[in-house]
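S.K.: Below are the structure tokens for one structure; questions will follow.
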Amino acid sequence: MPYNFNGNLWPDNNEYFFRDAKLIPIRQEGPHCVSTSLAILTGAEPNHFQGIINTQNPISWSDKLKEWGMKLAYCPTDARKLRFYISEWIELDDLFTLSYYTAPDQNAILGDPDKNGWVCSSHVVVMHRDKIFDPARGTVVHANNHTCNDCHTKRVFRVVSASYERGL
């Protein structure tokens, strides 16, 4: 076939990195979904990451995760809504970060940035197996039931071991 309409999120469905992780939900204080998501992954306090990582640069997130033997590996996605990917993530049965746009006006997602470079708001959650740990609420819900399913994808990473060949 000369043109692929879709690709797998991960090349090997039999690889597992943090399937048995024990995560604890944490509710974010203020606009700190990235640092709180990293805290959920590591067990550290969210303020451990604040002022050190760049919330718009996942390479900085991955570099900081290496202290805990983890790093992030990019999953190929586009701007479709998360509900189009969720069953594949559940099938992969491991640990991910899901970033998605939260703009009330979905046209803003592809709009031009304002004079400060701002396009629209977004959010990051942790998905472990079939559960989503949402720092905005401090809750854990089944992935099929989370409101992110109706939001457009910003970026998705699989959490892999720091020594894994792929990754940021």
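Order determines the names: the first chain of the structure tokens is A, the second B, and so forth; residues in each chain are numbered 1 upward, and ligands are numbered 1 upward as they are shown.
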Give me the residues within 9 Å of Thr97 of chain A as a PyMOL selection string, counting only C-alpha atoms and dropping any in the same chain fewer than 2 places off.
M.R.: chain A and resi 37+72+95+99+124-128+155-159
S.K.: I want to know what sits within 10 Å of Ser35 of chain A, based on only C-alpha atoms, with residues of the same chain fewer than 4 positions away left out; could you give that as an NGL selection string?
M.R.: :A and (28 or 31 or 39-41 or 44-55 or 61 or 124 or 135)
S.K.: May I ask which of the residues A:Val119, A:Ala73, A:Leu65, A:Leu82 is the closest one to Glu165 of chain A, counting only C-alpha atoms?
M.R.: A:Ala73
S.K.: Would you mind telling me which residue in A:His152, A:Leu9, A:Ala21, A:Glu91 lies nearest to Ala108 of chain A when using only C-alpha atoms?
M.R.: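 Looking only at the distances to Ala108 of chain A, the closest residue turns out to be A:His152.
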S.K.: Could you state the separation of atom CA of Ser87 of chain A and atom CA of Asn149 of chain A in Å, given to one decimal place?
M.R.: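 These two atoms are separated by 10.7 Å.
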S.K.: Rank nothing, just name the residue among A:Asn57, A:Ser122, A:Asn116, A:Asn144 nearest to Tyr101 of chain A, using only C-alpha atoms.
M.R.: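 Closest residue, counting only C-alpha atoms: A:Ser122.
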S.K.: Do a neighbour search on Asp93 of chain A at 7 Å with only C-alpha atoms, toss out local chain neighbours closer than 4 positions, and write the hits as a list in words.
M.R.: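 Contacts, in chain order: Arg19, Trp89, Arg129 and Asp130 of chain A.
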S.K.: As a PyMOL selection string, please: every residue in segment 7-142 of chain A that a backbone DSSP assignment puts in helix (DSSP H, G or I).
M.R.: chain A and resi 33-42+46-48+58-68+82-84+86-92+106-110
S.K.: Go ahead and write the selection's residues with N, CA and C atoms as an mmCIF file, in the first residue's frame.
M.R.:
```
data_model
loop_
_atom_site.group_PDB
_atom_site.id
_atom_site.type_symbol
_atom_site.label_atom_id
_atom_site.label_comp_id
_atom_site.auth_asym_id
_atom_site.auth_seq_id
_atom_site.Cartn_x
_atom_site.Cartn_y
_atom_site.Cartn_z
ATOM 1 N N CYS A 33 0.028 20.911 36.221
ATOM 2 C CA CYS A 33 -0.286 19.533 35.829
ATOM 3 C C CYS A 33 0.967 18.750 35.426
ATOM 4 N N VAL A 34 1.947 19.407 34.820
ATOM 5 C CA VAL A 34 3.147 18.684 34.399
ATOM 6 C C VAL A 34 3.933 18.223 35.622
ATOM 7 N N SER A 35 4.236 19.118 36.527
ATOM 8 C CA SER A 35 5.024 18.720 37.700
ATOM 9 C C SER A 35 4.260 17.721 38.571
ATOM 10 N N THR A 36 2.940 17.842 38.626
ATOM 11 C CA THR A 36 2.156 16.890 39.417
ATOM 12 C C THR A 36 2.114 15.531 38.730
ATOM 13 N N SER A 37 2.016 15.511 37.415
ATOM 14 C CA SER A 37 2.067 14.230 36.698
ATOM 15 C C SER A 37 3.413 13.547 36.891
ATOM 16 N N LEU A 38 4.491 14.310 36.850
ATOM 17 C CA LEU A 38 5.817 13.737 37.107
ATOM 18 C C LEU A 38 5.910 13.216 38.540
ATOM 19 N N ALA A 39 5.281 13.910 39.470
ATOM 20 C CA ALA A 39 5.250 13.447 40.860
ATOM 21 C C ALA A 39 4.468 12.141 40.983
ATOM 22 N N ILE A 40 3.376 12.017 40.258
ATOM 23 C CA ILE A 40 2.608 10.763 40.264
ATOM 24 C C ILE A 40 3.488 9.624 39.750
ATOM 25 N N LEU A 41 4.256 9.874 38.714
ATOM 26 C CA LEU A 41 5.126 8.844 38.148
ATOM 27 C C LEU A 41 6.237 8.421 39.097
ATOM 28 N N THR A 42 6.795 9.371 39.846
ATOM 29 C CA THR A 42 8.008 9.114 40.627
ATOM 30 C C THR A 42 7.787 8.938 42.126
ATOM 31 N N PRO A 46 5.443 17.383 43.886
ATOM 32 C CA PRO A 46 5.373 18.193 42.664
ATOM 33 C C PRO A 46 6.369 19.357 42.652
ATOM 34 N N ASN A 47 6.602 19.970 43.805
ATOM 35 C CA ASN A 47 7.513 21.120 43.820
ATOM 36 C C ASN A 47 8.962 20.719 43.517
ATOM 37 N N HIS A 48 9.271 19.430 43.551
ATOM 38 C CA HIS A 48 10.604 18.958 43.180
ATOM 39 C C HIS A 48 10.904 19.280 41.709
ATOM 40 N N PRO A 58 9.047 18.601 26.735
ATOM 41 C CA PRO A 58 9.076 17.262 27.311
ATOM 42 C C PRO A 58 10.467 16.655 27.443
ATOM 43 N N ILE A 59 11.454 17.175 26.715
ATOM 44 C CA ILE A 59 12.821 16.677 26.897
ATOM 45 C C ILE A 59 13.278 16.967 28.325
ATOM 46 N N SER A 60 12.901 18.129 28.851
ATOM 47 C CA SER A 60 13.271 18.451 30.236
ATOM 48 C C SER A 60 12.547 17.533 31.222
ATOM 49 N N TRP A 61 11.338 17.107 30.914
ATOM 50 C CA TRP A 61 10.616 16.169 31.780
ATOM 51 C C TRP A 61 11.356 14.837 31.799
ATOM 52 N N SER A 62 11.721 14.379 30.596
ATOM 53 C CA SER A 62 12.391 13.094 30.463
ATOM 54 C C SER A 62 13.746 13.094 31.170
ATOM 55 N N ASP A 63 14.480 14.193 31.018
ATOM 56 C CA ASP A 63 15.781 14.291 31.695
ATOM 57 C C ASP A 63 15.624 14.171 33.205
ATOM 58 N N LYS A 64 14.601 14.798 33.752
ATOM 59 C CA LYS A 64 14.390 14.754 35.201
ATOM 60 C C LYS A 64 13.927 13.367 35.657
ATOM 61 N N LEU A 65 13.136 12.674 34.827
ATOM 62 C CA LEU A 65 12.666 11.326 35.172
ATOM 63 C C LEU A 65 13.814 10.320 35.274
ATOM 64 N N LYS A 66 14.930 10.601 34.631
ATOM 65 C CA LYS A 66 16.055 9.666 34.640
ATOM 66 C C LYS A 66 16.583 9.424 36.051
ATOM 67 N N GLU A 67 16.362 10.382 36.955
ATOM 68 C CA GLU A 67 16.758 10.182 38.364
ATOM 69 C C GLU A 67 16.035 8.986 38.979
ATOM 70 N N TRP A 68 14.897 8.608 38.413
ATOM 71 C CA TRP A 68 14.084 7.492 38.916
ATOM 72 C C TRP A 68 14.139 6.290 37.976
ATOM 73 N N LEU A 82 -8.536 11.950 21.681
ATOM 74 C CA LEU A 82 -7.928 10.816 22.362
ATOM 75 C C LEU A 82 -8.772 9.551 22.268
ATOM 76 N N ARG A 83 -10.072 9.667 22.144
ATOM 77 C CA ARG A 83 -10.926 8.476 22.078
ATOM 78 C C ARG A 83 -10.557 7.569 20.904
ATOM 79 N N PHE A 84 -9.899 8.113 19.888
ATOM 80 C CA PHE A 84 -9.489 7.295 18.752
ATOM 81 C C PHE A 84 -8.244 6.463 19.050
ATOM 82 N N ILE A 86 -7.532 5.499 22.614
ATOM 83 C CA ILE A 86 -7.621 4.973 23.980
ATOM 84 C C ILE A 86 -7.615 3.449 24.039
ATOM 85 N N SER A 87 -8.298 2.773 23.135
ATOM 86 C CA SER A 87 -8.336 1.304 23.190
ATOM 87 C C SER A 87 -6.954 0.707 22.916
ATOM 88 N N GLU A 88 -6.171 1.344 22.049
ATOM 89 C CA GLU A 88 -4.821 0.838 21.783
ATOM 90 C C GLU A 88 -3.918 1.031 22.998
ATOM 91 N N TRP A 89 -4.060 2.172 23.686
ATOM 92 C CA TRP A 89 -3.267 2.366 24.914
ATOM 93 C C TRP A 89 -3.651 1.348 25.974
ATOM 94 N N ILE A 90 -4.941 1.094 26.103
ATOM 95 C CA ILE A 90 -5.384 0.092 27.083
ATOM 96 C C ILE A 90 -4.795 -1.267 26.729
ATOM 97 N N GLU A 91 -4.788 -1.613 25.452
ATOM 98 C CA GLU A 91 -4.237 -2.890 25.010
ATOM 99 C C GLU A 91 -2.735 -2.972 25.278
ATOM 100 N N LEU A 92 -2.021 -1.863 25.149
ATOM 101 C CA LEU A 92 -0.580 -1.860 25.435
ATOM 102 C C LEU A 92 -0.304 -2.085 26.919
ATOM 103 N N GLN A 106 -12.682 24.780 19.900
ATOM 104 C CA GLN A 106 -11.743 23.861 19.259
ATOM 105 C C GLN A 106 -11.025 24.476 18.069
ATOM 106 N N ASN A 107 -11.538 25.547 17.512
ATOM 107 C CA ASN A 107 -10.841 26.233 16.421
ATOM 108 C C ASN A 107 -9.547 26.881 16.905
ATOM 109 N N ALA A 108 -9.461 27.171 18.201
ATOM 110 C CA ALA A 108 -8.252 27.792 18.756
ATOM 111 C C ALA A 108 -7.045 26.863 18.680
ATOM 112 N N ILE A 109 -7.292 25.563 18.661
ATOM 113 C CA ILE A 109 -6.198 24.592 18.666
ATOM 114 C C ILE A 109 -5.270 24.801 17.470
ATOM 115 N N LEU A 110 -5.825 25.089 16.340
ATOM 116 C CA LEU A 110 -5.007 25.301 15.142
ATOM 117 C C LEU A 110 -4.852 26.775 14.804
#
```
S.K.: One decimal, in Å: what's the spacing between atom CA of Tyr100 of chain A and atom CA of Lys154 of chain A?
M.R.: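 A separation of 4.5 Å between them.
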S.K.: Report as a PyMOL selection string: the residues of segment 3-164 of chain A with a DSSP assignment of strand (DSSP E), based on the backbone of this structure.
M.R.: chain A and resi 70-74+95-101+122-128+131-134+139-142+153-161
S.K.: Keeping only N, CA and C atoms, write the selected residues to a file as a compact mmCIF listing (two decimals), in the first residue's frame.
M.R.:
```txt
# COMPACT_ATOMS: atom_id res chain seq x y z
N MET A 70 13.65 6.28 34.72
CA MET A 70 12.63 6.38 33.68
C MET A 70 13.03 7.44 32.67
N LYS A 71 12.39 7.38 31.52
CA LYS A 71 12.44 8.47 30.55
C LYS A 71 11.20 8.35 29.67
N LEU A 72 10.99 9.33 28.82
CA LEU A 72 9.82 9.35 27.96
C LEU A 72 10.22 8.94 26.55
N ALA A 73 9.33 8.20 25.90
CA ALA A 73 9.51 7.83 24.50
C ALA A 73 8.26 8.28 23.73
N TYR A 74 8.48 8.97 22.65
CA TYR A 74 7.41 9.54 21.84
C TYR A 74 6.54 8.45 21.21
N LEU A 95 2.45 2.24 30.95
CA LEU A 95 2.45 3.55 31.57
C LEU A 95 2.72 4.64 30.53
N PHE A 96 1.87 5.68 30.52
CA PHE A 96 1.94 6.75 29.52
C PHE A 96 1.66 8.10 30.17
N THR A 97 2.07 9.16 29.49
CA THR A 97 1.56 10.49 29.78
C THR A 97 0.77 10.92 28.54
N LEU A 98 -0.41 11.47 28.78
CA LEU A 98 -1.27 11.93 27.70
C LEU A 98 -1.43 13.44 27.86
N SER A 99 -1.13 14.16 26.82
CA SER A 99 -1.31 15.62 26.81
C SER A 99 -2.37 15.94 25.78
N TYR A 100 -3.27 16.84 26.15
CA TYR A 100 -4.37 17.17 25.23
C TYR A 100 -4.78 18.62 25.42
N TYR A 101 -5.38 19.15 24.36
CA TYR A 101 -5.83 20.54 24.36
C TYR A 101 -7.16 20.65 25.09
N SER A 122 -3.89 23.49 27.71
CA SER A 122 -3.77 22.04 27.56
C SER A 122 -3.61 21.43 28.94
N HIS A 123 -3.61 20.12 28.99
CA HIS A 123 -3.52 19.40 30.26
C HIS A 123 -2.73 18.12 30.06
N VAL A 124 -2.10 17.63 31.12
CA VAL A 124 -1.34 16.38 31.09
C VAL A 124 -1.90 15.47 32.18
N VAL A 125 -2.11 14.21 31.82
CA VAL A 125 -2.52 13.18 32.79
C VAL A 125 -1.60 11.98 32.63
N VAL A 126 -1.65 11.09 33.61
CA VAL A 126 -0.90 9.85 33.58
C VAL A 126 -1.89 8.72 33.32
N MET A 127 -1.56 7.85 32.38
CA MET A 127 -2.38 6.66 32.15
C MET A 127 -1.56 5.44 32.51
N HIS A 128 -2.07 4.67 33.46
CA HIS A 128 -1.42 3.42 33.86
C HIS A 128 -2.39 2.28 33.60
N LYS A 131 -6.26 2.92 33.60
CA LYS A 131 -6.70 3.98 34.51
C LYS A 131 -5.99 5.29 34.18
N ILE A 132 -6.72 6.38 34.34
CA ILE A 132 -6.14 7.71 34.17
C ILE A 132 -6.07 8.40 35.51
N PHE A 133 -4.87 8.84 35.85
CA PHE A 133 -4.60 9.62 37.06
C PHE A 133 -4.61 11.08 36.63
N ASP A 134 -5.61 11.80 37.08
CA ASP A 134 -5.80 13.18 36.66
C ASP A 134 -5.38 14.14 37.76
N THR A 139 -7.88 12.43 40.99
CA THR A 139 -8.68 11.21 40.92
C THR A 139 -8.07 10.18 39.98
N VAL A 140 -8.62 8.98 40.08
CA VAL A 140 -8.27 7.89 39.17
C VAL A 140 -9.58 7.38 38.59
N VAL A 141 -9.68 7.35 37.26
CA VAL A 141 -10.89 6.84 36.61
C VAL A 141 -10.50 5.90 35.48
N HIS A 142 -11.44 5.05 35.09
CA HIS A 142 -11.18 4.17 33.95
C HIS A 142 -10.97 5.04 32.72
N THR A 153 -5.59 15.51 20.82
CA THR A 153 -4.27 15.11 21.29
C THR A 153 -3.25 16.22 21.05
N LYS A 154 -2.43 16.46 22.06
CA LYS A 154 -1.29 17.37 21.92
C LYS A 154 -0.02 16.55 21.73
N ARG A 155 0.26 15.64 22.67
CA ARG A 155 1.39 14.74 22.56
C ARG A 155 1.21 13.59 23.54
N VAL A 156 1.82 12.47 23.22
CA VAL A 156 1.72 11.27 24.05
C VAL A 156 3.10 10.64 24.16
N PHE A 157 3.44 10.23 25.37
CA PHE A 157 4.71 9.55 25.61
C PHE A 157 4.47 8.28 26.39
N ARG A 158 5.23 7.28 26.06
CA ARG A 158 5.27 6.07 26.87
C ARG A 158 6.42 6.24 27.86
N VAL A 159 6.22 5.82 29.08
CA VAL A 159 7.28 5.87 30.08
C VAL A 159 8.06 4.57 29.94
N VAL A 160 9.34 4.70 29.66
CA VAL A 160 10.22 3.55 29.45
C VAL A 160 11.38 3.63 30.44
N SER A 161 12.13 2.55 30.55
CA SER A 161 13.29 2.58 31.45
C SER A 161 14.35 3.52 30.86
```
S.K.: From the options A:Thr147, A:Asp94, A:Asp78, A:Pro113, which residue's atoms come nearest to Asp20 of chain A, counting only C-alpha atoms?
M.R.: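 So, comparing all the options, the nearest one is A:Asp94.
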